[in-house]
>>> print(open('upload.cif').read())   # mmCIF, C-alpha atoms
data_work
loop_
_atom_site.label_atom_id
_atom_site.label_comp_id
_atom_site.auth_asym_id
_atom_site.auth_seq_id
_atom_site.Cartn_x
_atom_site.Cartn_y
_atom_site.Cartn_z
CA MET A 1 144.09 145.66 119.79
CA TYR A 2 141.27 144.30 117.62
CA SER A 3 141.77 143.75 113.90
CA ARG A 4 138.67 144.09 111.74
CA GLY A 5 139.77 141.49 109.23
CA GLY A 6 140.03 138.83 111.92
CA PHE A 7 140.37 135.24 110.78
CA LEU A 8 140.21 135.96 107.04
CA ASP A 9 143.02 138.51 107.26
CA GLU A 10 145.20 136.07 109.20
CA PHE A 11 144.45 133.39 106.61
CA LYS A 12 145.45 135.70 103.74
CA ASN A 13 148.56 136.91 105.56
CA ALA A 14 149.72 133.32 106.01
CA PHE A 15 149.84 132.97 102.22
CA ASN A 16 151.62 136.29 101.73
CA ARG A 17 154.44 135.76 104.21
CA PRO A 18 157.83 134.76 102.75
CA ASN A 19 159.35 131.38 103.64
CA TYR A 20 156.10 130.22 105.20
CA SER A 21 155.15 127.40 102.83
CA HIS A 22 155.29 124.71 105.54
CA VAL A 23 152.45 126.48 107.36
CA GLN A 24 150.62 127.11 104.08
CA LEU A 25 150.66 123.39 103.25
CA ILE A 26 149.43 122.60 106.75
CA ILE A 27 146.56 125.09 106.38
CA ILE A 28 145.49 123.52 103.07
CA ASN A 29 145.52 120.03 104.61
CA VAL A 30 143.57 121.16 107.68
CA VAL A 31 140.96 123.03 105.60
CA MET A 32 140.50 119.92 103.42
CA PHE A 33 140.16 117.78 106.55
CA VAL A 34 137.46 120.03 108.02
CA LEU A 35 135.54 120.32 104.73
CA ILE A 36 135.53 116.55 104.22
CA GLY A 37 134.33 116.06 107.79
CA LEU A 38 131.52 118.62 107.42
CA LEU A 39 130.36 117.17 104.10
CA ASN A 40 130.37 113.65 105.52
CA VAL A 41 128.18 114.75 108.44
CA ILE A 42 125.75 116.53 106.08
CA MET A 43 125.52 113.52 103.77
CA ASN A 44 124.97 111.17 106.71
CA LEU A 45 122.16 113.36 108.05
CA ALA A 46 120.63 113.45 104.57
CA GLN A 47 120.96 109.65 104.46
CA THR A 48 122.82 109.70 101.17
CA HIS A 49 124.98 106.75 100.20
CA VAL A 50 127.64 108.70 98.30
CA GLU A 51 131.18 108.00 99.51
CA LEU A 52 132.96 111.34 99.17
CA ILE A 53 136.39 109.82 99.79
CA SER A 54 136.13 107.76 96.60
CA PHE A 55 136.12 110.94 94.50
CA ILE A 56 139.24 112.50 96.02
CA ALA A 57 141.34 109.48 97.07
CA LEU A 58 143.67 107.84 94.54
CA PRO A 59 142.31 104.50 93.25
CA ALA A 60 144.70 101.63 92.53
CA ASN A 61 142.55 100.55 89.59
CA VAL A 62 143.83 102.28 86.45
CA ASP A 63 140.41 102.18 84.74
CA VAL A 64 138.85 104.05 87.67
CA PHE A 65 141.76 106.50 87.82
CA ILE A 66 141.25 107.45 84.15
CA THR A 67 137.77 108.70 85.06
CA ARG A 68 139.16 110.63 88.08
CA PRO A 69 142.62 111.92 87.08
CA TRP A 70 142.49 114.79 89.61
CA THR A 71 142.89 112.26 92.43
CA ILE A 72 146.68 112.11 91.82
CA LEU A 73 146.72 115.60 93.40
CA THR A 74 143.76 115.63 95.77
CA TYR A 75 144.77 112.44 97.57
CA MET A 76 147.90 114.09 99.02
CA PHE A 77 145.76 116.69 100.83
CA THR A 78 143.14 114.24 102.10
CA HIS A 79 142.93 112.82 105.64
CA VAL A 80 140.20 111.01 107.52
CA GLY A 81 141.44 110.34 111.07
CA ILE A 82 142.59 113.05 113.49
CA TRP A 83 145.79 111.17 114.42
CA HIS A 84 146.58 110.62 110.75
CA ILE A 85 146.61 114.33 109.92
CA LEU A 86 148.16 115.35 113.26
CA MET A 87 151.28 113.19 112.84
CA ASN A 88 151.73 114.11 109.19
CA MET A 89 151.45 117.83 109.89
CA LEU A 90 153.85 117.75 112.83
CA ILE A 91 156.52 116.00 110.75
CA LEU A 92 155.88 118.38 107.85
CA TYR A 93 156.31 121.38 110.16
CA TRP A 94 159.57 120.16 111.73
CA PHE A 95 161.32 119.03 108.56
CA GLY A 96 159.73 121.70 106.40
CA ARG A 97 161.40 124.40 108.50
CA ILE A 98 164.78 122.77 107.97
CA LEU A 99 164.34 122.64 104.21
CA ILE A 100 163.09 126.24 104.07
CA ASN A 101 166.05 127.48 106.11
CA PHE A 102 168.49 126.10 103.54
CA LEU A 103 166.62 126.26 100.22
CA GLY A 104 163.56 128.46 100.67
CA SER A 105 159.80 127.96 100.42
CA ASP A 106 159.59 127.09 96.73
CA LYS A 107 161.83 124.04 97.11
CA LEU A 108 159.67 122.77 100.00
CA ILE A 109 156.49 123.00 97.93
CA ALA A 110 158.19 121.33 94.98
CA SER A 111 159.50 118.46 97.09
CA TYR A 112 156.08 117.93 98.71
CA VAL A 113 154.19 117.87 95.39
CA LEU A 114 156.81 115.79 93.56
CA GLY A 115 156.91 113.36 96.48
CA GLY A 116 153.13 113.05 96.45
CA LEU A 117 153.12 112.38 92.72
CA GLY A 118 155.98 109.89 92.98
CA GLY A 119 154.31 108.08 95.87
CA GLY A 120 151.01 107.87 93.99
CA VAL A 121 152.66 106.53 90.84
CA LEU A 122 154.65 103.87 92.73
CA TYR A 123 151.48 102.82 94.58
CA MET A 124 149.57 102.32 91.32
CA LEU A 125 152.46 100.50 89.67
CA ALA A 126 152.84 98.13 92.61
CA TYR A 127 149.14 97.27 92.77
CA ASN A 128 148.89 96.69 89.03
CA LEU A 129 152.19 94.90 88.37
CA ILE A 130 152.96 92.87 91.51
CA PRO A 131 150.82 89.68 91.75
CA TYR A 132 150.71 89.89 95.56
CA PHE A 133 148.39 92.94 95.33
CA ALA A 134 146.24 91.71 92.42
CA GLN A 135 143.24 90.75 94.58
CA ALA A 136 143.12 94.18 96.25
CA VAL A 137 143.56 96.37 93.17
CA ASN A 138 139.83 96.95 92.66
CA VAL A 139 139.09 97.95 96.26
CA SER A 140 142.24 99.80 97.30
CA ILE A 141 142.45 103.60 97.53
CA LEU A 142 145.22 105.88 98.74
CA PHE A 143 144.87 109.11 100.72
CA GLY A 144 147.02 111.19 103.05
CA ALA A 145 150.02 113.52 102.89
CA SER A 146 152.52 110.87 103.96
CA ALA A 147 154.24 110.48 100.57
CA GLY A 148 154.76 114.23 100.26
CA VAL A 149 155.86 114.49 103.89
CA LEU A 150 158.36 111.64 103.51
CA ALA A 151 159.72 113.41 100.42
CA VAL A 152 160.36 116.49 102.59
CA VAL A 153 162.02 114.35 105.28
CA ALA A 154 164.25 112.61 102.73
CA ALA A 155 165.05 115.91 100.99
CA ALA A 156 166.16 117.55 104.24
CA ALA A 157 168.19 114.49 105.26
CA THR A 158 169.88 114.37 101.85
CA LEU A 159 170.73 118.08 101.88
CA VAL A 160 172.02 118.31 105.46
CA PRO A 161 172.36 114.71 106.72
CA ASN A 162 174.23 115.67 109.89
CA TYR A 163 171.73 118.33 110.98
CA THR A 164 170.79 117.40 114.55
CA VAL A 165 167.40 117.67 116.27
CA ALA A 166 166.45 116.88 119.85
CA LEU A 167 163.86 114.12 120.15
CA LEU A 168 161.73 113.66 123.26
CA PHE A 169 163.07 110.88 125.53
CA ILE A 170 165.94 110.21 123.09
CA GLY A 171 167.98 113.39 122.82
CA PRO A 172 170.03 114.71 119.88
CA VAL A 173 169.66 112.68 116.67
CA LYS A 174 170.99 113.38 113.17
CA ILE A 175 168.13 113.67 110.69
CA LYS A 176 169.70 111.14 108.31
CA TYR A 177 168.95 108.46 110.91
CA ILE A 178 165.36 109.66 111.30
CA ALA A 179 164.83 109.47 107.54
CA LEU A 180 166.44 106.02 107.41
CA PHE A 181 164.15 104.83 110.22
CA TYR A 182 161.02 105.90 108.30
CA VAL A 183 162.22 104.28 105.07
CA VAL A 184 163.11 100.96 106.72
CA LEU A 185 159.86 100.92 108.71
CA SER A 186 157.80 101.58 105.57
CA PHE A 187 159.56 98.79 103.70
CA LEU A 188 159.01 96.29 106.54
CA GLN A 189 155.28 97.15 106.58
CA SER A 190 154.82 97.17 102.78
CA THR A 191 152.89 93.89 102.85
CA GLY A 192 150.81 94.74 105.94
CA SER A 193 147.35 96.19 106.44
CA ASN A 194 148.43 99.59 105.10
CA ALA A 195 150.55 98.24 102.26
CA GLY A 196 149.48 100.92 99.78
CA GLY A 197 150.36 103.74 102.14
CA GLU A 198 153.76 102.25 102.97
CA ILE A 199 154.61 101.83 99.28
CA ALA A 200 153.66 105.46 98.70
CA HIS A 201 155.99 106.43 101.56
CA LEU A 202 158.86 104.69 99.79
CA GLY A 203 158.02 106.45 96.52
CA GLY A 204 157.91 109.84 98.21
CA ALA A 205 161.21 109.28 100.03
CA LEU A 206 162.90 108.18 96.79
CA VAL A 207 161.67 111.29 94.97
CA GLY A 208 162.84 113.56 97.81
CA PHE A 209 166.31 112.00 97.65
CA ILE A 210 166.55 112.30 93.85
CA TYR A 211 165.21 115.87 93.91
CA ILE A 212 167.97 117.15 96.21
CA LYS A 213 170.70 115.18 94.44
CA GLN A 214 169.67 116.83 91.17
CA ILE A 215 169.60 120.28 92.78
CA GLN A 216 173.14 119.70 94.01
CA LYS A 217 174.09 118.97 90.39
CA GLY A 218 172.43 122.18 89.22
CA THR A 219 169.12 120.73 87.94
CA ASP A 220 165.80 121.71 89.53
CA LEU A 221 163.25 118.98 88.74
CA GLY A 222 160.55 120.93 90.57
CA ASN A 223 160.78 124.09 88.51
CA TRP A 224 157.58 123.30 86.62
CA VAL A 225 155.67 122.90 89.90
CA ILE A 226 156.69 126.40 91.00
CA ARG A 227 155.86 127.93 87.61
CA ILE A 228 152.35 126.46 87.73
CA MET A 229 151.90 127.64 91.33
CA TYR A 230 152.88 131.22 90.49
CA PHE A 231 150.65 131.16 87.40
CA PHE A 232 147.59 130.44 89.54
CA LYS A 233 148.72 132.94 92.17
CA ARG A 234 148.77 135.68 89.56
CA LEU A 235 145.23 134.75 88.51
CA PHE A 236 143.88 135.37 92.00
CA THR A 237 146.04 138.32 93.06
CA SER A 238 146.44 141.74 91.53
CA SER A 239 149.37 144.07 91.99
CA PRO A 240 148.41 147.73 92.41
CA ASN A 241 149.84 150.03 89.77
CA ILE A 242 151.70 152.49 91.99
CA LYS A 243 154.13 155.00 90.60
CA VAL A 244 156.76 156.24 93.01
CA SER A 245 158.84 159.28 92.20
CA TYR A 246 161.69 160.76 94.14
CA LYS A 247 163.42 164.06 93.67
CA ARG A 248 166.55 164.70 95.65
CA THR A 249 166.74 168.26 96.91
CA LYS A 250 169.76 170.30 97.83
CA GLN A 251 168.86 169.86 101.48
CA SER A 252 168.83 166.07 101.17
CA ARG A 253 172.22 166.14 99.40
CA LYS A 254 173.61 168.29 102.20
CA SER A 255 172.23 166.03 104.90
CA LYS A 256 173.65 163.01 103.11
CA ALA A 257 177.07 164.66 103.03
CA HIS A 258 176.98 165.04 106.82
CA THR A 259 175.75 161.51 107.48
CA SER A 260 178.17 159.30 109.36
CA THR A 261 179.80 156.62 107.24
CA ALA A 262 179.83 154.12 110.11
CA SER A 263 177.75 151.04 109.33
CA SER A 264 174.52 150.66 111.29
CA PRO A 265 172.93 147.38 112.53
CA VAL A 266 170.27 147.73 109.81
CA HIS A 267 172.92 147.93 107.09
CA SER A 268 174.71 144.97 108.65
CA LYS A 269 171.53 142.87 108.57
CA LYS A 270 170.90 143.80 104.93
CA SER A 271 174.47 142.84 104.06
CA ASP A 272 174.12 139.47 105.81
CA GLN A 273 170.83 138.76 104.03
CA ALA A 274 172.40 139.66 100.69
CA GLU A 275 175.18 137.13 101.33
CA ILE A 276 172.65 134.40 102.16
CA ASP A 277 170.62 135.21 99.05
CA ALA A 278 173.76 134.96 96.92
CA ILE A 279 174.59 131.58 98.47
CA LEU A 280 171.08 130.27 97.78
CA ASP A 281 171.33 131.48 94.18
CA LYS A 282 174.62 129.62 93.84
CA ILE A 283 172.99 126.41 95.13
CA SER A 284 170.17 126.79 92.59
CA GLU A 285 172.61 127.32 89.71
CA LYS A 286 175.54 125.02 90.55
CA GLY A 287 174.37 122.76 93.39
CA TYR A 288 175.02 122.57 97.12
CA GLU A 289 178.41 120.90 96.71
CA SER A 290 179.70 123.94 94.79
CA LEU A 291 179.68 125.96 98.03
CA SER A 292 182.93 126.64 99.83
CA LYS A 293 183.38 125.59 103.45
CA GLU A 294 182.86 129.20 104.56
CA GLU A 295 179.65 129.53 102.53
CA LYS A 296 178.25 126.31 103.98
CA GLN A 297 179.06 127.54 107.48
CA LYS A 298 177.33 130.90 106.84
CA LEU A 299 174.24 129.07 105.56
CA PHE A 300 174.21 126.79 108.58
CA ASN A 301 174.64 129.71 111.01
CA ALA A 302 171.80 131.61 109.33
CA SER A 303 169.48 128.61 109.68
CA ASN A 304 170.04 128.55 113.45
CA LYS A 305 169.19 132.21 114.05
#
>>> encode(input="upload.cif", output="structure tokens")
Amino acid sequence: MYSRGGFLDEFKNAFNRPNYSHVQLIIINVVMFVLIGLLNVIMNLAQTHVELISFIALPANVDVFITRPWTILTYMFTHVGIWHILMNMLILYWFGRILINFLGSDKLIASYVLGGLGGGVLYMLAYNLIPYFAQAVNVSILFGASAGVLAVVAAAATLVPNYTVALLFIGPVKIKYIALFYVVLSFLQSTGSNAGGEIAHLGGALVGFIYIKQIQKGTDLGNWVIRIMYFFKRLFTSSPNIKVSYKRTKQSRKSKAHTSTASSPVHSKKSDQAEIDAILDKISEKGYESLSKEEKQKLFNASNK
């Protein structure tokens, strides 16, 4: 069956679906990747010498950054190579689903943005304070979603360290070991050819770890990120003013009286969802560790459905 809206409707629906933020972040990164590629081709054909990447990537030089402060955000959605974006988006999809299953979409977005900011700040601090990087500070730029992605990986591994995934050619592996592998690898390569990127990875992973630890203590460090996001959402979306009225008639009261009191599968599903929502609210207010063993088991079972 053909839908008139086509691609645009599917695009809009992706941003309206609940618990779909991992795909939404992927869409934003892919759209940015395509736009950058198209603009680069156009500028090359026009024989212009403007380097577009320099206006959206994060510079290590503080003086340059002051003239382009937006780069602390744009860099984390910027990719150049196909393999670069492909690997980042695959990892974001896998670990993003885990985080959404336990904490919901908002926490995933917050961890990604906070991780990107933390990775960018650590990158700039390292290049401006550590003598080893002094010669490269004026020519180094940072781009890619890796810091935000590593924050999501670290957040998921901190929240449910023993959650197991099946890796190709390896088999079942607990995600805490996957996160540890990425952190150790980034540290070992922090003086290599991609030193800036590896340092940003470490910053993102550290922020992801701290973010979840604070949530477990009842403090949401990413609350401001979500408030800003919903503020801009309200600017671009309008809610229709619909008034719904309902008048119960004698007939409806009679039919209700004859309705069987046995619980239906629909009611059972609603009850289960209400329990999960209550558990998630408890995590937000008091932290993950405040959950009882039964509540943790219910949350884990729900994530595997």
>>> resolve_selection(input="upload.cif", expression="the PyMOL selection byres ((chain A and resi 85-97) around 10)", output="ChimeraX atom specification")
/A:19-23,25-27,29-30,33,77-84,98-105,107-109,111-112,144-157,165,175,303
>>> residues_around(input="upload.cif", residues="Glu295 in chain A", least_positions_apart="6", cutoff="9 Å", atoms="only C-alpha atoms", output="ChimeraX atom specification")
/A:275-276,279
>>> atom_distance(input="upload.cif", atom1="CA of Val184 in chain A", atom2="CA of Val113 in chain A")
22.2 Å
>>> resolve_selection(input="upload.cif", expression="the PyMOL selection byres ((chain A and resi 195) around 12)", output="ChimeraX atom specification")
/A:60,122-124,126-127,132-133,136-137,140-142,185-194,196-202
>>> write_last_selection(input="upload.cif", atoms="C-alpha atoms", output="PDB file, in the coordinates of the input")
ATOM      1  CA  ALA A  60     144.700 101.630  92.530  1.00  0.00           C
ATOM      2  CA  LEU A 122     154.650 103.870  92.730  1.00  0.00           C
ATOM      3  CA  TYR A 123     151.480 102.820  94.580  1.00  0.00           C
ATOM      4  CA  MET A 124     149.570 102.320  91.320  1.00  0.00           C
ATOM      5  CA  ALA A 126     152.840  98.130  92.610  1.00  0.00           C
ATOM      6  CA  TYR A 127     149.140  97.270  92.770  1.00  0.00           C
ATOM      7  CA  TYR A 132     150.710  89.890  95.560  1.00  0.00           C
ATOM      8  CA  PHE A 133     148.390  92.940  95.330  1.00  0.00           C
ATOM      9  CA  ALA A 136     143.120  94.180  96.250  1.00  0.00           C
ATOM     10  CA  VAL A 137     143.560  96.370  93.170  1.00  0.00           C
ATOM     11  CA  SER A 140     142.240  99.800  97.300  1.00  0.00           C
ATOM     12  CA  ILE A 141     142.450 103.600  97.530  1.00  0.00           C
ATOM     13  CA  LEU A 142     145.220 105.880  98.740  1.00  0.00           C
ATOM     14  CA  LEU A 185     159.860 100.920 108.710  1.00  0.00           C
ATOM     15  CA  SER A 186     157.800 101.580 105.570  1.00  0.00           C
ATOM     16  CA  PHE A 187     159.560  98.790 103.700  1.00  0.00           C
ATOM     17  CA  LEU A 188     159.010  96.290 106.540  1.00  0.00           C
ATOM     18  CA  GLN A 189     155.280  97.150 106.580  1.00  0.00           C
ATOM     19  CA  SER A 190     154.820  97.170 102.780  1.00  0.00           C
ATOM     20  CA  THR A 191     152.890  93.890 102.850  1.00  0.00           C
ATOM     21  CA  GLY A 192     150.810  94.740 105.940  1.00  0.00           C
ATOM     22  CA  SER A 193     147.350  96.190 106.440  1.00  0.00           C
ATOM     23  CA  ASN A 194     148.430  99.590 105.100  1.00  0.00           C
ATOM     24  CA  GLY A 196     149.480 100.920  99.780  1.00  0.00           C
ATOM     25  CA  GLY A 197     150.360 103.740 102.140  1.00  0.00           C
ATOM     26  CA  GLU A 198     153.760 102.250 102.970  1.00  0.00           C
ATOM     27  CA  ILE A 199     154.610 101.830  99.280  1.00  0.00           C
ATOM     28  CA  ALA A 200     153.660 105.460  98.700  1.00  0.00           C
ATOM     29  CA  HIS A 201     155.990 106.430 101.560  1.00  0.00           C
ATOM     30  CA  LEU A 202     158.860 104.690  99.790  1.00  0.00           C
TER      31      LEU A 202
END
>>> residues_around(input="upload.cif", residues="range 53-57 of chain A", least_positions_apart="2", cutoff="9 Å", atoms="all atoms listed in the file", output="MDAnalysis selection string")
chainID A and resid 36 50:51 59 68 70:76 78 80 141:144
>>> atom_distance(input="upload.cif", atom1="CA of Leu235 in chain A", atom2="CA of Phe15 in chain A")
14.6 Å
>>> atom_distance(input="upload.cif", atom1="CA of Ser271 in chain A", atom2="CA of Asp106 in chain A")
22.9 Å
>>> resolve_selection(input="upload.cif", expression="the PyMOL selection byres ((chain A and resi 211) around 10)", output="list in words")
Lys107, Ala110, Ser111, Leu114, Gly115, Ala151, Val152, Ala154, Ala155, Thr158, Leu159, Ala205, Leu206, Val207, Gly208, Phe209, Ile210, Ile212, Lys213, Gln214, Ile215, Gln216, Thr219, Asp220, Leu221 and Gly222 of chain A
